[in-house]
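Trainee: Pasting in a structure now, in structure tokens, and then I'll have a few things to ask.
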Amino acid sequence: GAVVSQHPSRVICKSGTSVKIECRSLDFQATTMFWYRQFPKQSLMLMATSNEGSKATYEQGVEKDKFLINHASLTLSTLTVTSAHPEDSSFYICSARDPQGNEKLFFGSGTQLSVL
Amino acid sequence: GENVEQHPSTLSVQEGDSAVIKCTYSDSASNYFPWYKQELGKRPQLIIDIRSNVGEKKDQRIAVTLNKTAKHFSLHITETQPEDSAVYFCAALWGSGGYQKVTFGIGTKLQVIP
């Protein structure tokens, strides 16, 4: 299947700093990527849909100014958590649609963010 | 939007026994239902999926059944092994065109006891 690479895998930062997470589609172009957040022992909650060359679509309750998404190329989407606070600590994971055009999603390896 | 409910939240079975996880969905227009296995701190891995035009799909020890009328689908794992221990998520695809989204169930933590 398609491979989605996500970095970093783990980041610890101080409260108030910003953190950038990268999601790359390897060997295929992803016009759409999805960003999820997962709290411990909970499900994956869709945060936003990232569209190449246009603005991201955010889910209800997700602050677009806090979670900046940039999808400047067909292989890279980034999520920046601005002015991070302890409550932003979570597992963030991206996914991309199968390049073969079906409904399958392939996930990145996730980023564990810990804000002190 | 779509609402996906999943149960049980935890499930313990003896090695060799079968495990069944059930999900329901609310949007009758949903037509694709994947199941994911996630180990601690790892990415979800697609293990099986089913489309709404079939009622059952099997892949070795794993099978999924779908009842469109009742809007529920189930994951069946037979001859469970310790390495099957993980969290399993059901999901449903809804929406249309470029606005399709996947909603996940809350997850089931499966423990296979050797």
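Residue names in the structure tokens use chain letters A, B, ... in the order shown, residue numbers from 1 in each chain, and ligand numbers from 1 in the order shown.
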Residues of chain A within 12 Å of chain B, using only C-alpha atoms, as a PyMOL selection string?

Mentor: chain A and resi 1-6+9-10+31-51+56-60+90-98+101-113

Trainee: Find the residues around Gly1 in chain B up to 9 Å (only C-alpha atoms counted), leave out those fewer than 3 positions away in its own chain, and share them as a list in words.

Mentor: Ser26, Asp27, Trp94, Gly95 and Thr103 of chain B

Trainee: Would you list the contacts of His72 in chain B as a PyMOL selection string, taking every protein, DNA or RNA residue within 7 Å and counting only C-alpha atoms, but skipping same-chain residues closer than 3 positions in sequence?

Mentor: chain B and resi 23-25+66-68

Trainee: Could you write out that same residue set with N, CA, C and O atoms as a PDB file, in the first residue's frame?

Mentor:
ATOM      1  N   CYS B  23     -20.445  -2.648  15.427  1.00  0.00           N
ATOM      2  CA  CYS B  23     -20.581  -1.208  15.227  1.00  0.00           C
ATOM      3  C   CYS B  23     -21.908  -0.893  14.545  1.00  0.00           C
ATOM      4  O   CYS B  23     -22.418  -1.694  13.760  1.00  0.00           O
ATOM      5  N   THR B  24     -22.426   0.277  14.861  1.00  0.00           N
ATOM      6  CA  THR B  24     -23.600   0.790  14.168  1.00  0.00           C
ATOM      7  C   THR B  24     -23.279   2.164  13.615  1.00  0.00           C
ATOM      8  O   THR B  24     -22.396   2.857  14.127  1.00  0.00           O
ATOM      9  N   TYR B  25     -23.980   2.533  12.567  1.00  0.00           N
ATOM     10  CA  TYR B  25     -23.772   3.841  11.972  1.00  0.00           C
ATOM     11  C   TYR B  25     -25.119   4.502  11.735  1.00  0.00           C
ATOM     12  O   TYR B  25     -26.159   3.842  11.733  1.00  0.00           O
ATOM     13  N   LEU B  66     -21.946  -7.053   7.115  1.00  0.00           N
ATOM     14  CA  LEU B  66     -22.639  -5.770   7.019  1.00  0.00           C
ATOM     15  C   LEU B  66     -24.126  -6.007   6.824  1.00  0.00           C
ATOM     16  O   LEU B  66     -24.539  -6.779   5.963  1.00  0.00           O
ATOM     17  N   ASN B  67     -24.918  -5.333   7.638  1.00  0.00           N
ATOM     18  CA  ASN B  67     -26.363  -5.358   7.493  1.00  0.00           C
ATOM     19  C   ASN B  67     -26.800  -3.922   7.218  1.00  0.00           C
ATOM     20  O   ASN B  67     -26.906  -3.104   8.133  1.00  0.00           O
ATOM     21  N   LYS B  68     -27.042  -3.622   5.954  1.00  0.00           N
ATOM     22  CA  LYS B  68     -27.386  -2.257   5.573  1.00  0.00           C
ATOM     23  C   LYS B  68     -28.727  -1.815   6.125  1.00  0.00           C
ATOM     24  O   LYS B  68     -28.920  -0.652   6.483  1.00  0.00           O
TER      25      LYS B  68
END

Trainee: From a DSSP calculation on the backbone, collect every residue of range 5-113 of chain A in strand (DSSP E or B) and output the set as a ChimeraX atom specification.

Mentor: /A:5-7,10-13,19-26,32-38,44-51,57-58,67-73,76-81,90-97,105-107,111-113

Trainee: Range 63-77 of chain A: which residues within 8 Å, counting only C-alpha atoms, same-chain residues fewer than 5 positions away excluded, as a compact mmCIF listing (two decimals) with N, CA and C atoms, in the first residue's frame?

Mentor:
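This is the output file part.txt:
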# COMPACT_ATOMS: atom_id res chain seq x y z
N GLU A 22 5.12 17.43 10.09
CA GLU A 22 5.10 17.23 8.65
C GLU A 22 4.52 15.87 8.28
N CYS A 23 3.79 15.87 7.20
CA CYS A 23 3.19 14.64 6.69
C CYS A 23 3.49 14.57 5.19
N ARG A 24 4.20 13.54 4.79
CA ARG A 24 4.59 13.40 3.39
C ARG A 24 4.03 12.12 2.78
N SER A 25 3.55 12.23 1.57
CA SER A 25 3.16 11.05 0.83
C SER A 25 4.38 10.63 0.00
N LEU A 26 4.78 9.39 0.18
CA LEU A 26 5.97 8.90 -0.52
C LEU A 26 5.55 8.19 -1.80
N PHE A 28 3.74 9.00 -4.16
CA PHE A 28 2.43 9.28 -4.75
C PHE A 28 2.01 10.69 -4.37
N GLN A 29 1.09 11.21 -5.14
CA GLN A 29 0.60 12.56 -4.91
C GLN A 29 -0.71 12.51 -4.13
N ALA A 30 -0.79 13.33 -3.13
CA ALA A 30 -1.98 13.36 -2.28
C ALA A 30 -2.59 14.75 -2.34
N THR A 31 -3.64 14.91 -3.10
CA THR A 31 -4.29 16.21 -3.16
C THR A 31 -5.04 16.52 -1.88
N MET A 33 -5.25 15.48 2.31
CA MET A 33 -4.77 14.78 3.50
C MET A 33 -5.67 15.14 4.66
N SER A 50 -7.01 18.75 4.64
CA SER A 50 -6.01 19.59 4.00
C SER A 50 -6.06 19.39 2.49
N ASN A 51 -6.26 20.46 1.77
CA ASN A 51 -6.36 20.40 0.32
C ASN A 51 -5.20 21.16 -0.33
N GLU A 52 -4.54 20.49 -1.24
CA GLU A 52 -3.40 21.10 -1.91
C GLU A 52 -3.82 22.34 -2.66
N GLY A 53 -3.13 23.43 -2.38
CA GLY A 53 -3.36 24.67 -3.10
C GLY A 53 -4.55 25.49 -2.65
N SER A 54 -5.21 25.05 -1.60
CA SER A 54 -6.35 25.82 -1.11
C SER A 54 -6.41 25.74 0.41
N LYS A 55 -7.33 26.46 0.97
CA LYS A 55 -7.43 26.49 2.43
C LYS A 55 -7.96 25.16 2.97
N ALA A 56 -7.50 24.85 4.16
CA ALA A 56 -7.97 23.63 4.80
C ALA A 56 -9.40 23.81 5.29
N TYR A 58 -11.80 22.95 8.32
CA TYR A 58 -11.70 22.56 9.72
C TYR A 58 -13.03 22.01 10.23
N THR A 82 0.17 26.28 17.17
CA THR A 82 0.72 27.56 17.59
C THR A 82 0.44 27.81 19.08
N SER A 83 1.41 28.42 19.73
CA SER A 83 1.28 28.74 21.14
C SER A 83 0.69 27.55 21.92

Trainee: For Tyr36 in chain B, which of B:Thr80, B:Glu15, B:Ile113, B:Ile62 is the closest residue, counting only C-alpha atoms?

Mentor: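 Going through B:Thr80, B:Glu15, B:Ile113, B:Ile62 one by one, the smallest distance to Tyr36 in chain B is for B:Ile62.
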
Trainee: So the first atom is CA of Gln14 in chain B and the second is CA of Ala91 in chain B; what is the distance between them in Å, to one decimal place?

Mentor: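 Spanning CA of Gln14 in chain B to CA of Ala91 in chain B is a straight-line distance of 26.0 Å.
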
Trainee: Could you tell me how far CA of Asp27 in chain A sits from CA of Leu79 in chain A, in Å to one decimal place?

Mentor: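 If I compute the distance from CA of Leu79 in chain A to CA of Asp27 in chain A, I get 20.7 Å.
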